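Pasted below: final_33.txt, compact mmCIF, C-alpha atoms and all ligand atoms.
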# COMPACT_ATOMS: atom_id res chain seq x y z
CA MET A 1 -18.15 -27.52 -62.14
CA THR A 2 -17.57 -31.05 -60.96
CA THR A 3 -20.44 -33.43 -60.14
CA LEU A 4 -18.05 -35.72 -58.30
CA ASP A 5 -19.48 -38.26 -55.84
CA LYS A 6 -17.23 -37.49 -52.87
CA SER A 7 -17.71 -40.65 -50.88
CA ARG A 8 -17.18 -42.90 -53.91
CA THR A 9 -14.07 -40.92 -54.94
CA PHE A 10 -12.72 -41.23 -51.40
CA ASP A 11 -13.13 -45.03 -51.57
CA LEU A 12 -11.52 -45.23 -55.01
CA ALA A 13 -8.53 -43.20 -53.80
CA VAL A 14 -8.10 -45.48 -50.77
CA ASP A 15 -8.21 -48.49 -53.13
CA VAL A 16 -5.26 -47.04 -55.08
CA LEU A 17 -3.27 -46.40 -51.90
CA LYS A 18 -3.92 -49.92 -50.61
CA GLU A 19 -3.14 -51.54 -53.95
CA ASN A 20 0.32 -49.90 -53.97
CA ASP A 21 0.99 -50.61 -50.28
CA ARG A 22 3.86 -53.06 -49.78
CA GLY A 23 3.45 -53.35 -45.99
CA SER A 24 5.94 -50.84 -44.62
CA TYR A 25 6.33 -48.64 -47.71
CA THR A 26 4.24 -47.75 -50.74
CA VAL A 27 5.29 -47.80 -54.40
CA PRO A 28 4.30 -44.77 -56.52
CA THR A 29 2.64 -47.11 -59.02
CA LYS A 30 3.22 -50.70 -59.95
CA GLY A 31 5.42 -51.46 -62.96
CA LEU A 32 6.89 -48.02 -63.65
CA TYR A 33 8.15 -47.29 -60.10
CA PRO A 34 8.54 -50.50 -58.01
CA PHE A 35 10.45 -49.00 -55.03
CA GLN A 36 10.02 -46.36 -52.33
CA TRP A 37 10.47 -42.73 -53.40
CA ASN A 38 11.21 -40.05 -50.85
CA TRP A 39 8.73 -37.22 -51.45
CA ASP A 40 6.10 -39.61 -52.77
CA SER A 41 6.13 -41.40 -49.41
CA CYS A 42 5.57 -38.20 -47.45
CA PHE A 43 2.56 -37.24 -49.58
CA THR A 44 1.36 -40.84 -49.37
CA ALA A 45 1.45 -40.74 -45.57
CA LEU A 46 -0.89 -37.72 -45.61
CA GLY A 47 -3.38 -39.84 -47.53
CA GLN A 48 -2.94 -42.96 -45.40
CA ASN A 49 -3.52 -40.81 -42.33
CA TYR A 50 -7.23 -40.60 -43.26
CA TYR A 51 -7.84 -44.29 -42.77
CA ASP A 52 -4.87 -45.70 -40.82
CA GLU A 53 -2.69 -43.37 -38.72
CA ASP A 54 -0.38 -46.16 -37.63
CA ARG A 55 0.34 -47.10 -41.25
CA ALA A 56 0.98 -43.45 -42.14
CA TRP A 57 3.69 -43.09 -39.47
CA THR A 58 5.27 -46.33 -40.64
CA GLU A 59 5.59 -44.94 -44.19
CA ILE A 60 7.80 -42.10 -43.01
CA GLU A 61 9.66 -44.19 -40.42
CA THR A 62 10.63 -46.69 -43.13
CA LEU A 63 12.05 -43.88 -45.24
CA PHE A 64 14.14 -42.61 -42.33
CA ASP A 65 15.36 -46.13 -41.51
CA HIS A 66 17.43 -45.71 -44.66
CA GLN A 67 18.87 -42.29 -43.85
CA TRP A 68 22.61 -42.11 -44.57
CA PRO A 69 25.07 -41.69 -41.68
CA ASP A 70 25.83 -38.15 -42.92
CA GLY A 71 22.14 -37.20 -42.65
CA MET A 72 21.02 -37.43 -46.28
CA VAL A 73 17.72 -39.18 -46.96
CA PRO A 74 17.97 -40.81 -50.39
CA HIS A 75 15.46 -40.28 -53.16
CA ILE A 76 14.89 -44.01 -53.77
CA VAL A 77 15.09 -46.99 -51.39
CA PHE A 78 15.43 -50.24 -53.35
CA HIS A 79 13.68 -52.57 -50.90
CA VAL A 80 13.42 -55.42 -53.42
CA ARG A 81 15.15 -56.45 -56.61
CA ASP A 82 13.15 -55.45 -59.67
CA ASP A 83 14.62 -55.01 -63.13
CA GLY A 84 11.55 -53.06 -64.26
CA TYR A 85 13.20 -49.75 -63.32
CA PHE A 86 16.37 -48.13 -64.64
CA PRO A 87 18.76 -47.03 -63.15
CA GLY A 88 18.67 -49.72 -60.47
CA PRO A 89 20.93 -50.30 -57.45
CA ASP A 90 23.88 -51.63 -59.46
CA VAL A 91 24.17 -48.37 -61.37
CA TRP A 92 23.94 -46.24 -58.23
CA ALA A 93 26.36 -48.51 -56.31
CA THR A 94 26.07 -46.49 -53.11
CA GLY A 95 27.15 -49.38 -50.88
CA ARG A 96 24.24 -49.02 -48.47
CA PRO A 97 23.05 -52.16 -46.57
CA THR A 98 19.65 -51.87 -48.26
CA PRO A 99 20.52 -50.31 -51.63
CA THR A 100 19.49 -46.70 -52.16
CA SER A 101 20.10 -44.00 -54.73
CA GLY A 102 22.80 -41.43 -53.92
CA ILE A 103 20.84 -38.21 -54.27
CA THR A 104 17.91 -36.72 -52.37
CA GLN A 105 14.47 -35.23 -53.11
CA PRO A 106 12.25 -32.33 -51.93
CA PRO A 107 12.02 -32.54 -48.12
CA ILE A 108 8.27 -32.85 -47.57
CA ALA A 109 8.94 -34.80 -44.35
CA GLY A 110 9.01 -31.70 -42.09
CA PHE A 111 5.60 -30.57 -43.30
CA ALA A 112 4.14 -34.10 -43.19
CA LEU A 113 5.41 -34.61 -39.64
CA ARG A 114 3.62 -31.51 -38.39
CA GLN A 115 0.39 -32.37 -40.20
CA MET A 116 0.32 -35.89 -38.80
CA PHE A 117 1.29 -34.71 -35.33
CA GLU A 118 -1.40 -32.04 -35.18
CA ARG A 119 -4.17 -34.07 -36.81
CA ALA A 120 -3.52 -37.23 -34.77
CA GLY A 121 -6.41 -39.04 -33.14
CA ASP A 122 -4.03 -41.12 -31.03
CA LYS A 123 -2.09 -38.23 -29.41
CA ALA A 124 0.18 -40.41 -27.26
CA ALA A 125 1.34 -42.51 -30.22
CA ALA A 126 1.85 -39.42 -32.37
CA GLU A 127 3.95 -37.77 -29.67
CA ARG A 128 6.13 -40.85 -29.29
CA ARG A 129 6.64 -41.32 -33.01
CA ALA A 130 7.18 -37.61 -33.72
CA ARG A 131 9.76 -37.46 -30.93
CA ALA A 132 11.72 -40.28 -32.57
CA LEU A 133 11.57 -38.72 -36.04
CA LEU A 134 12.41 -35.19 -34.89
CA PRO A 135 16.23 -35.55 -34.59
CA LYS A 136 16.40 -37.53 -37.83
CA ILE A 137 14.59 -34.85 -39.84
CA ASP A 138 16.69 -32.19 -38.12
CA LYS A 139 19.83 -34.07 -39.16
CA TRP A 140 18.64 -34.15 -42.77
CA PHE A 141 17.95 -30.42 -42.77
CA ALA A 142 21.38 -29.72 -41.24
CA TRP A 143 22.86 -31.91 -43.99
CA PHE A 144 21.22 -29.74 -46.64
CA TYR A 145 22.73 -26.50 -45.42
CA ALA A 146 26.16 -28.03 -44.75
CA ASN A 147 26.47 -29.84 -48.07
CA ARG A 148 24.30 -27.93 -50.52
CA ASP A 149 24.96 -24.41 -49.28
CA PRO A 150 28.69 -24.61 -48.64
CA HIS A 151 29.18 -20.86 -48.98
CA GLY A 152 26.40 -19.98 -46.54
CA GLU A 153 24.04 -18.21 -48.95
CA GLY A 154 20.92 -19.41 -47.10
CA LEU A 155 19.66 -21.42 -50.09
CA VAL A 156 20.54 -24.97 -51.12
CA ALA A 157 21.39 -26.29 -54.58
CA ILE A 158 20.22 -29.43 -56.28
CA LEU A 159 22.92 -31.33 -58.15
CA HIS A 160 20.66 -33.50 -60.30
CA PRO A 161 17.23 -32.82 -61.87
CA TRP A 162 15.86 -35.94 -60.15
CA GLU A 163 16.50 -34.18 -56.83
CA ALA A 164 13.98 -31.47 -57.73
CA GLY A 165 11.44 -34.17 -58.53
CA ARG A 166 10.75 -32.17 -61.74
CA ASP A 167 13.00 -34.30 -63.91
CA ASN A 168 12.87 -32.69 -67.36
CA SER A 169 11.72 -29.16 -66.49
CA ILE A 170 12.64 -26.42 -68.95
CA ASP A 171 14.48 -24.92 -65.94
CA TRP A 172 17.40 -27.29 -66.51
CA ASP A 173 17.80 -26.97 -70.30
CA GLU A 174 20.49 -24.29 -70.25
CA ALA A 175 22.53 -25.87 -67.44
CA PHE A 176 22.25 -29.26 -69.17
CA GLU A 177 24.21 -27.81 -72.10
CA ARG A 178 27.20 -27.95 -69.78
CA VAL A 179 26.68 -31.57 -68.70
CA PRO A 180 28.69 -33.86 -70.98
CA THR A 181 27.61 -37.30 -72.14
CA GLN A 182 30.94 -38.77 -73.28
CA GLY A 183 31.96 -42.05 -71.71
CA ILE A 184 28.66 -43.09 -70.16
CA THR A 185 28.03 -46.81 -69.95
CA PRO A 186 25.53 -47.97 -72.61
CA TYR A 187 22.10 -48.53 -71.06
CA THR A 188 18.52 -49.55 -71.77
CA ARG A 189 15.71 -47.42 -70.43
CA ARG A 190 12.78 -49.17 -68.81
CA ASP A 191 10.41 -46.21 -68.27
CA THR A 192 9.56 -46.04 -71.97
CA GLN A 193 8.33 -49.65 -71.80
CA HIS A 194 5.75 -48.71 -69.15
CA ALA A 195 4.70 -45.24 -70.35
CA ASP A 196 4.33 -43.47 -73.71
CA PRO A 197 7.87 -42.30 -74.68
CA SER A 198 6.49 -39.01 -76.01
CA HIS A 199 5.29 -38.20 -72.48
CA ARG A 200 8.69 -38.93 -70.91
CA PRO A 201 12.11 -37.21 -70.90
CA THR A 202 14.22 -37.49 -74.08
CA LYS A 203 17.28 -39.69 -74.61
CA ALA A 204 19.51 -36.58 -74.60
CA GLN A 205 18.21 -35.81 -71.10
CA TYR A 206 18.63 -39.40 -69.89
CA ASP A 207 22.24 -39.40 -71.11
CA ARG A 208 22.89 -36.39 -68.89
CA TYR A 209 21.03 -37.88 -65.92
CA LEU A 210 23.30 -40.88 -66.25
CA TRP A 211 26.49 -38.88 -66.71
CA LEU A 212 25.82 -37.08 -63.43
CA VAL A 213 25.13 -40.37 -61.61
CA GLU A 214 28.37 -41.89 -62.91
CA HIS A 215 30.30 -38.71 -62.06
CA PHE A 216 29.05 -38.72 -58.46
CA ARG A 217 29.60 -42.46 -58.18
CA GLY A 218 33.21 -41.86 -59.28
CA LEU A 219 33.55 -39.51 -56.29
CA GLY A 220 32.45 -42.32 -53.97
CA TRP A 221 29.16 -40.55 -53.17
CA ASP A 222 31.13 -38.35 -50.79
CA ASN A 223 28.73 -35.47 -50.17
CA SER A 224 31.51 -33.18 -49.00
CA LYS A 225 32.87 -33.29 -52.59
CA LEU A 226 29.77 -33.52 -54.77
CA HIS A 227 28.56 -29.91 -54.71
CA ASP A 228 31.75 -28.26 -55.92
CA ALA A 229 32.47 -31.05 -58.40
CA SER A 230 29.07 -30.85 -60.09
CA PRO A 231 28.61 -28.93 -63.36
CA PHE A 232 24.92 -28.81 -62.45
CA GLN A 233 24.18 -26.67 -59.36
CA ILE A 234 20.74 -25.12 -59.44
CA VAL A 235 19.03 -23.19 -56.68
CA ASP A 236 15.40 -24.17 -57.25
CA PRO A 237 12.89 -21.84 -55.55
CA GLY A 238 10.29 -24.59 -55.13
CA PHE A 239 12.76 -26.98 -53.54
CA ASN A 240 14.03 -24.28 -51.19
CA ALA A 241 10.49 -23.22 -50.25
CA ILE A 242 9.67 -26.82 -49.30
CA LEU A 243 12.81 -26.95 -47.17
CA ILE A 244 12.07 -23.57 -45.56
CA ARG A 245 8.50 -24.60 -44.76
CA GLY A 246 9.83 -27.94 -43.48
CA CYS A 247 12.23 -26.18 -41.12
CA ALA A 248 9.43 -23.93 -39.81
CA ASP A 249 7.11 -26.91 -39.32
CA LEU A 250 9.83 -28.95 -37.64
CA ALA A 251 10.48 -26.03 -35.30
CA ALA A 252 6.77 -25.93 -34.39
CA VAL A 253 6.72 -29.65 -33.55
CA ALA A 254 9.98 -29.31 -31.61
CA GLU A 255 8.45 -26.51 -29.53
CA ALA A 256 5.38 -28.60 -28.79
CA LEU A 257 7.60 -31.49 -27.71
CA GLY A 258 9.86 -29.33 -25.52
CA GLU A 259 12.97 -29.53 -27.72
CA PRO A 260 14.18 -25.89 -27.75
CA GLY A 261 17.53 -26.61 -29.42
CA ILE A 262 15.97 -28.21 -32.49
CA ALA A 263 13.27 -25.53 -32.55
CA ALA A 264 15.75 -22.63 -32.51
CA ALA A 265 18.05 -24.15 -35.15
CA ASN A 266 15.18 -24.71 -37.55
CA ARG A 267 13.54 -21.31 -36.99
CA ALA A 268 16.90 -19.75 -37.83
CA ARG A 269 17.22 -21.84 -41.02
CA ALA A 270 13.71 -20.89 -42.13
CA ASP A 271 14.18 -17.18 -41.38
CA ARG A 272 17.46 -17.03 -43.27
CA GLY A 273 16.01 -18.96 -46.19
CA LEU A 274 13.06 -16.59 -46.51
CA VAL A 275 15.36 -13.57 -46.69
CA ALA A 276 17.62 -15.27 -49.26
CA LEU A 277 14.66 -16.36 -51.41
CA GLU A 278 14.09 -12.71 -52.34
CA ARG A 279 17.13 -12.94 -54.59
CA LEU A 280 15.13 -15.30 -56.87
CA TRP A 281 12.12 -13.03 -57.36
CA SER A 282 11.33 -11.82 -60.89
CA GLU A 283 8.96 -8.85 -61.08
CA TRP A 284 8.79 -9.34 -64.84
CA HIS A 285 7.49 -12.92 -64.56
CA GLY A 286 5.44 -12.32 -61.40
CA GLN A 287 7.07 -15.38 -59.83
CA TYR A 288 10.39 -16.74 -58.59
CA LEU A 289 13.04 -18.19 -60.93
CA CYS A 290 15.82 -20.74 -60.56
CA LEU A 291 19.33 -19.48 -59.99
CA ASP A 292 22.16 -21.19 -61.81
CA ARG A 293 24.87 -21.19 -59.16
CA THR A 294 27.67 -21.92 -61.63
CA THR A 295 26.95 -18.74 -63.64
CA GLY A 296 25.33 -16.67 -60.89
CA ARG A 297 22.40 -15.86 -63.21
CA LEU A 298 18.65 -16.34 -62.89
CA VAL A 299 17.22 -18.85 -65.39
CA ASP A 300 14.62 -17.28 -67.70
CA SER A 301 12.05 -20.06 -67.35
CA ALA A 302 8.56 -19.59 -65.88
CA SER A 303 7.99 -23.03 -64.40
CA ILE A 304 5.83 -24.18 -61.52
CA GLY A 305 9.04 -24.29 -59.42
CA GLY A 306 8.70 -20.50 -59.19
CA LEU A 307 5.07 -20.62 -58.00
CA LEU A 308 5.68 -23.23 -55.30
CA PRO A 309 7.36 -20.75 -52.89
CA VAL A 310 3.87 -19.63 -51.86
CA PHE A 311 4.05 -22.82 -49.75
CA ALA A 312 6.55 -21.00 -47.50
CA ALA A 313 5.84 -17.85 -45.49
CA ILE A 314 6.86 -15.45 -48.28
CA PRO A 315 5.88 -11.75 -48.04
CA ALA A 316 2.14 -11.08 -48.56
CA GLU A 317 2.68 -9.04 -51.71
CA ARG A 318 4.64 -11.90 -53.29
CA ALA A 319 1.82 -14.35 -52.55
CA ARG A 320 -0.67 -11.89 -54.02
CA THR A 321 1.37 -11.57 -57.21
CA ILE A 322 1.67 -15.35 -57.51
CA ALA A 323 -2.12 -15.63 -57.21
CA ARG A 324 -2.52 -13.06 -60.03
CA THR A 325 0.05 -14.94 -62.16
CA ILE A 326 -1.94 -18.16 -61.72
CA GLU A 327 -5.10 -16.30 -62.78
CA THR A 328 -3.28 -15.21 -65.95
CA ILE A 329 -2.16 -18.80 -66.58
CA ALA A 330 -5.78 -19.91 -66.10
CA GLY A 331 -6.61 -17.89 -69.22
CA ARG A 332 -4.11 -20.00 -71.18
CA ALA A 333 -4.99 -23.52 -70.00
CA LYS A 334 -8.18 -25.41 -69.26
CA TYR A 335 -6.85 -27.11 -66.12
CA LEU A 336 -4.66 -25.70 -63.37
CA VAL A 337 -1.75 -25.56 -62.64
CA PRO A 338 0.39 -26.38 -65.70
CA SER A 339 3.98 -27.18 -64.74
CA HIS A 340 5.16 -24.55 -67.20
CA ASP A 341 3.62 -21.32 -68.50
CA PRO A 342 1.76 -22.18 -71.75
CA ALA A 343 2.77 -18.78 -73.17
CA ASP A 344 6.39 -19.98 -73.36
CA THR A 345 7.26 -21.46 -76.78
CA ARG A 346 9.06 -24.32 -75.00
CA PHE A 347 5.84 -25.42 -73.22
CA ASP A 348 4.83 -29.01 -74.05
CA ALA A 349 1.36 -30.06 -72.81
CA LYS A 350 2.19 -33.77 -72.66
CA ARG A 351 5.85 -34.11 -71.82
CA TYR A 352 6.20 -34.76 -68.11
CA TRP A 353 7.41 -31.64 -66.27
CA ARG A 354 7.37 -29.33 -69.31
CA GLY A 355 3.66 -28.52 -69.15
CA PRO A 356 1.42 -31.20 -67.59
CA VAL A 357 -0.51 -30.72 -64.34
CA TRP A 358 0.70 -32.61 -61.23
CA LEU A 359 -1.67 -32.83 -58.27
CA VAL A 360 1.10 -32.74 -55.65
CA CYS A 361 2.17 -29.31 -56.89
CA ASN A 362 -1.44 -28.16 -56.91
CA TYR A 363 -1.70 -29.26 -53.29
CA LEU A 364 1.37 -27.30 -52.14
CA ILE A 365 0.17 -24.18 -53.98
CA VAL A 366 -3.36 -24.51 -52.56
CA ASP A 367 -1.98 -24.81 -49.04
CA GLY A 368 0.12 -21.67 -49.49
CA LEU A 369 -2.55 -19.60 -51.21
CA SER A 370 -5.10 -20.50 -48.52
CA ALA A 371 -2.72 -19.41 -45.77
CA ALA A 372 -2.11 -16.15 -47.67
CA GLY A 373 -5.85 -15.45 -47.87
CA GLU A 374 -6.04 -16.09 -51.63
CA LYS A 375 -9.02 -18.40 -51.25
CA PRO A 376 -10.72 -17.90 -54.67
CA VAL A 377 -7.60 -18.95 -56.62
CA ALA A 378 -7.00 -21.84 -54.20
CA ASP A 379 -10.60 -23.02 -54.69
CA ARG A 380 -10.20 -22.83 -58.43
CA ILE A 381 -7.14 -25.10 -58.26
CA ILE A 382 -8.98 -27.60 -56.06
CA ALA A 383 -11.94 -27.62 -58.48
CA SER A 384 -9.58 -28.19 -61.41
CA SER A 385 -7.85 -31.05 -59.58
CA LEU A 386 -11.13 -32.81 -58.80
CA GLU A 387 -12.39 -32.33 -62.37
CA LEU A 388 -9.24 -34.05 -63.62
CA ILE A 389 -9.85 -36.99 -61.30
CA GLU A 390 -13.45 -37.28 -62.38
CA LYS A 391 -12.56 -37.09 -66.06
CA SER A 392 -9.33 -39.08 -66.15
CA GLY A 393 -8.81 -41.08 -62.94
CA PHE A 394 -5.74 -41.22 -60.70
CA ALA A 395 -3.07 -40.55 -63.33
CA GLU A 396 0.55 -39.61 -62.73
CA TYR A 397 0.01 -36.25 -64.53
CA TYR A 398 -2.49 -34.60 -66.91
CA ASP A 399 -2.56 -32.54 -70.09
CA PRO A 400 -3.57 -29.02 -68.94
CA MET A 401 -5.35 -28.32 -72.23
CA THR A 402 -7.43 -31.50 -72.62
CA GLY A 403 -7.31 -33.17 -69.20
CA GLU A 404 -5.99 -36.38 -70.81
CA PRO A 405 -4.35 -38.78 -68.29
CA LEU A 406 -0.58 -39.16 -68.86
CA GLY A 407 2.31 -41.31 -67.58
CA GLY A 408 1.59 -44.09 -65.10
CA GLY A 409 -1.94 -45.00 -63.96
CA ARG A 410 -3.41 -45.69 -60.49
CA PHE A 411 -0.87 -43.36 -58.99
CA THR A 412 -0.36 -43.26 -55.24
CA TRP A 413 0.40 -39.59 -54.59
CA THR A 414 -2.39 -38.46 -56.86
CA ALA A 415 -4.81 -40.58 -54.81
CA ALA A 416 -3.36 -39.24 -51.55
CA MET A 417 -3.83 -35.65 -52.71
CA VAL A 418 -7.42 -36.35 -53.70
CA LEU A 419 -8.11 -37.38 -50.09
CA GLU A 420 -6.66 -34.05 -48.99
CA PHE A 421 -8.70 -32.07 -51.53
CA LEU A 422 -11.91 -33.85 -50.54
CA ASP A 423 -11.37 -33.05 -46.85
C1 LIG A 501 13.09 -40.34 -60.97
C2 LIG A 501 8.20 -41.29 -58.45
C3 LIG A 501 9.05 -40.23 -59.09
C4 LIG A 501 8.72 -38.82 -58.58
C5 LIG A 501 9.36 -37.73 -59.41
C6 LIG A 501 9.02 -37.97 -60.87
C7 LIG A 501 9.49 -39.36 -61.31
C8 LIG A 501 11.64 -40.62 -61.40
C9 LIG A 501 11.65 -41.15 -62.82
O1 LIG A 501 8.86 -40.33 -60.51
O2 LIG A 501 10.90 -39.39 -61.23
O3 LIG A 501 13.13 -40.04 -59.61
O4 LIG A 501 12.25 -42.21 -63.03
O5 LIG A 501 11.05 -40.54 -63.71
O6 LIG A 501 9.55 -36.97 -61.69
O7 LIG A 501 8.92 -36.46 -58.99
O8 LIG A 501 9.13 -38.71 -57.25
O9 LIG A 501 6.83 -40.97 -58.57
Starting from the coordinates I provided, produce the structure as structure tokens.
Ligand code: 9WN
Amino acid sequence: MTTLDKSRTFDLAVDVLKENDRGSYTVPTKGLYPFQWNWDSCFTALGQNYYDEDRAWTEIETLFDHQWPDGMVPHIVFHVRDDGYFPGPDVWATGRPTPTSGITQPPIAGFALRQMFERAGDKAAAERRARALLPKIDKWFAWFYANRDPHGEGLVAILHPWEAGRDNSIDWDEAFERVPTQGITPYTRRDTQHADPSHRPTKAQYDRYLWLVEHFRGLGWDNSKLHDASPFQIVDPGFNAILIRGCADLAAVAEALGEPGIAAANRARADRGLVALERLWSEWHGQYLCLDRTTGRLVDSASIGGLLPVFAAIPAERARTIARTIETIAGRAKYLVPSHDPADTRFDAKRYWRGPVWLVCNYLIVDGLSAAGEKPVADRIIASSLELIEKSGFAEYYDPMTGEPLGGGRFTWTAAMVLEFLD
């Protein structure tokens, strides 16, 4: 059990958030990630909200200031020039006034909006700012279903592992066999200069990340073409659950603000998504699995992406099974929740999204399990998260067997999640 000094930990977490604050946006950590990342910013705002509500709204507003005309909200906004990160704006070449990447990331914004709206001390300001963000988030969600679910299946596909935010998950290994590497421009990675290369994706994976970027760039970043032209189309249960929950939360805020059109559209999206998600359930694994849209088959890979759907309003028996699956995993790892099942021979305790614990995922699972009445498992995950902080500080991710800190240090979203767990 942790002996953590809560008030001191709170202050240390705020120090990390402030250190990475660049005024109107926050970098995930200095050095390794010197720009604004989409889902990082939404988690960050939840942390900032504890000590500066105004600053928290600004974080999300800045992100949406860089929304594309078609509705997409990019995964990186390159506010400044910094050669410390690869691939930078010249590789993406998206032609945006402030350079951005050309792909998106898990849409935490709907959930964050509702949290900030409902928790607000300054109700008038929150109402004004939520009202302005509402149509922008709605436009992003409409973009998802129009561009990433072109055949109306109720679930959206990611076209690049970076979109899932789980860059080198075992989930993508099979589909990556089909992504070529011929013809990519020679490049130098920068991530391996900031973090231990053995904790990062491999060169073979980076080659494929880059091939996809160059392929999409060759199509002029025209989102009406990208989906069908991509050899990588994965329906990720975690990503879809975040979108479904986002739609439901956006609908709730829209109702409170007297915007029935936006409310109805997003309720319908969430309801359809929940029905469609059933297709990804695996009774054998006791969790959801990714669907490879190009083959029509489920991917046999028990990753955290298949536990995250508890964050959406899935059926009670599914949430119960996920709680039991996490209890089983707890018998295989010292710290919860590993990003991949340690029983799988492909599990790697230190390599990024192939095993390590990430506090943002813990947070989404805790939220879902609590809502489903699975309090003991949720409490166990919170205790594990706080033990990791006490033992190893605000790391990017952690070894689930030893608790060793991995990747970047003094990490913004980890600090933001600690503020949530301490609450
Ligand atoms: C690529 C910023 C981001 C997170 C992702 C995480 C990592 C980037 C990278 O860092 O991805 O987007 O270069 O490794 O996988 O989830 O948003 O913290």
Tell me, counting only C-alpha atoms and all ligand atoms, for each residue of chain A within 7 Å of ligand LIG 501 (chain A), which pair of atoms is nearest and how far apart they are in Å to one decimal, in rows ordered by chain and increasing number, as CSV.
residue,atom,partner,partner_atom,distance
A:Pro28,CA,A:LIG501,O9,5.0
A:Tyr33,CA,A:LIG501,C2,6.2
A:Trp37,CA,A:LIG501,C2,5.7
A:Asn38,CA,A:LIG501,O8,6.9
A:Trp39,CA,A:LIG501,O8,6.0
A:Asp40,CA,A:LIG501,O8,5.5
A:His75,CA,A:LIG501,O3,6.9
A:Trp162,CA,A:LIG501,O3,5.0
A:Gly165,CA,A:LIG501,O7,3.4
A:Arg166,CA,A:LIG501,O6,4.9
A:Asp167,CA,A:LIG501,O6,4.9
A:Asp191,CA,A:LIG501,O4,6.8
Margin query: Between A:Ile76, A:Cys290, A:Leu280, A:Ala416, which residue has the minimum interatomic distance to Val14 of chain A, considering all atoms listed in the file?
Written below: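 Among the listed residues, the smallest separation from Val14 of chain A belongs to A:Ala416.
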Next item on the list: Compile the contact shell of Gly273 of chain A as a ChimeraX atom specification: residues with an atom at most 7 Å away, counting only C-alpha atoms, same-chain residues fewer than 3 positions apart removed.
Entry: /A:154-155,244,269-270,276-277
Item checked: For segment 294-309 of chain A: contacts at 9 Å, all atoms listed in the file, fewer than 4 positions along chain excluded, given as a VMD selection string -> chain A and resid 164 166 169 to 172 174 to 175 231 to 234 236 to 242 277 280 to 282 285 to 290 313 to 314 319 322 to 323 325 to 326 337 to 341 344 353 to 355 361 to 362 364 to 365 368
Next item on the list: Rounded to one decimal place, report the atom CA of Pro186 of chain A-atom CA of Arg200 of chain A distance in Å.
Entry: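 A separation of 19.2 Å between them.
Reported to one decimal place, the separation of atom CA of Gly152 of chain A from atom CA of Asp249 of chain A is 21.7 Å.
Remark: for Leu359 of chain A, the closest of the candidate residues A:Ser384, A:Lys203, A:Arg131, A:Val80 is A:Ser384 (distances computed over all atoms listed in the file).
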Notebook entry, point to check: What is the distance between atom CA of Ala120 of chain A and atom CA of Leu46 of chain A, in Å to one decimal?
Noted result: 11.2 Å
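In this comparison, which uses only C-alpha atoms, the residue of A:Leu219, A:Lys123, A:Asp173, A:Val16 approaching Pro201 of chain A most closely is A:Asp173.
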Margin query: At a cut-off of 9 Å, using all atoms listed in the file, what residues contact Ala395 of chain A? Leave out same-chain residues fewer than 2 positions from it and give the result as a PyMOL selection string.
Written below: chain A and resi 388-389+392-393+397-398+405-412+414-415
Next item on the list: Excluding Trp211 of chain A and residues on its chain fewer than 6 positions from it, collect all residues at most 9 Å away from it, counting all atoms listed in the file, and give them as a ChimeraX atom specification.
Entry: /A:179-185
Next item on the list: Write out as a PyMOL selection string the residues lying within 9 Å of Arg320 of chain A, counting only C-alpha atoms and excluding same-chain residues fewer than 3 positions away.
Entry: chain A and resi 315-317+323-325+369+372-374
Notebook entry, point to check: Of the candidates A:Pro99, A:Gly84, A:Gly218, A:Gly47, which shows the shortest atom-to-atom distance to Met116 of chain A, using only C-alpha atoms?
Noted result: A:Gly47
Notebook entry, point to check: Which residue gives the smallest distance to Ala124 of chain A among A:Asp138, A:Pro106, A:Asp54, A:Leu63, with all atoms listed in the file counted?
Noted result: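 Selected residue with least distance to Ala124 of chain A: A:Asp54.
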Next item on the list: Pick out the closest residue to Ala130 of chain A from this set: A:Ala13, A:Ala157, A:Ile108, A:Ala256. Count all atoms listed in the file.
Entry: A:Ala256
Can you save segment 66-72 of chain A of the given block to a file, including N, CA and C atoms and formatted as a PDB file, in the first residue's frame?
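For reference, result_1.pdb as written:
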ATOM      1  N   HIS A  66      -6.726  25.055 -34.484  1.00  0.00           N
ATOM      2  CA  HIS A  66      -5.975  24.475 -35.599  1.00  0.00           C
ATOM      3  C   HIS A  66      -6.729  23.325 -36.269  1.00  0.00           C
ATOM      4  N   GLN A  67      -8.036  23.305 -36.017  1.00  0.00           N
ATOM      5  CA  GLN A  67      -8.905  22.323 -36.688  1.00  0.00           C
ATOM      6  C   GLN A  67      -8.867  22.566 -38.191  1.00  0.00           C
ATOM      7  N   TRP A  68      -8.885  21.505 -38.972  1.00  0.00           N
ATOM      8  CA  TRP A  68      -8.878  21.658 -40.433  1.00  0.00           C
ATOM      9  C   TRP A  68     -10.267  22.075 -40.925  1.00  0.00           C
ATOM     10  N   PRO A  69     -10.326  22.715 -42.097  1.00  0.00           N
ATOM     11  CA  PRO A  69     -11.639  23.117 -42.632  1.00  0.00           C
ATOM     12  C   PRO A  69     -12.601  21.935 -42.782  1.00  0.00           C
ATOM     13  N   ASP A  70     -12.071  20.718 -43.036  1.00  0.00           N
ATOM     14  CA  ASP A  70     -12.983  19.573 -43.189  1.00  0.00           C
ATOM     15  C   ASP A  70     -13.467  19.022 -41.848  1.00  0.00           C
ATOM     16  N   GLY A  71     -12.926  19.525 -40.740  1.00  0.00           N
ATOM     17  CA  GLY A  71     -13.381  19.078 -39.416  1.00  0.00           C
ATOM     18  C   GLY A  71     -12.346  18.302 -38.627  1.00  0.00           C
ATOM     19  N   MET A  72     -11.323  17.767 -39.321  1.00  0.00           N
ATOM     20  CA  MET A  72     -10.319  16.978 -38.591  1.00  0.00           C
ATOM     21  C   MET A  72      -9.541  17.840 -37.601  1.00  0.00           C
TER      22      MET A  72
END
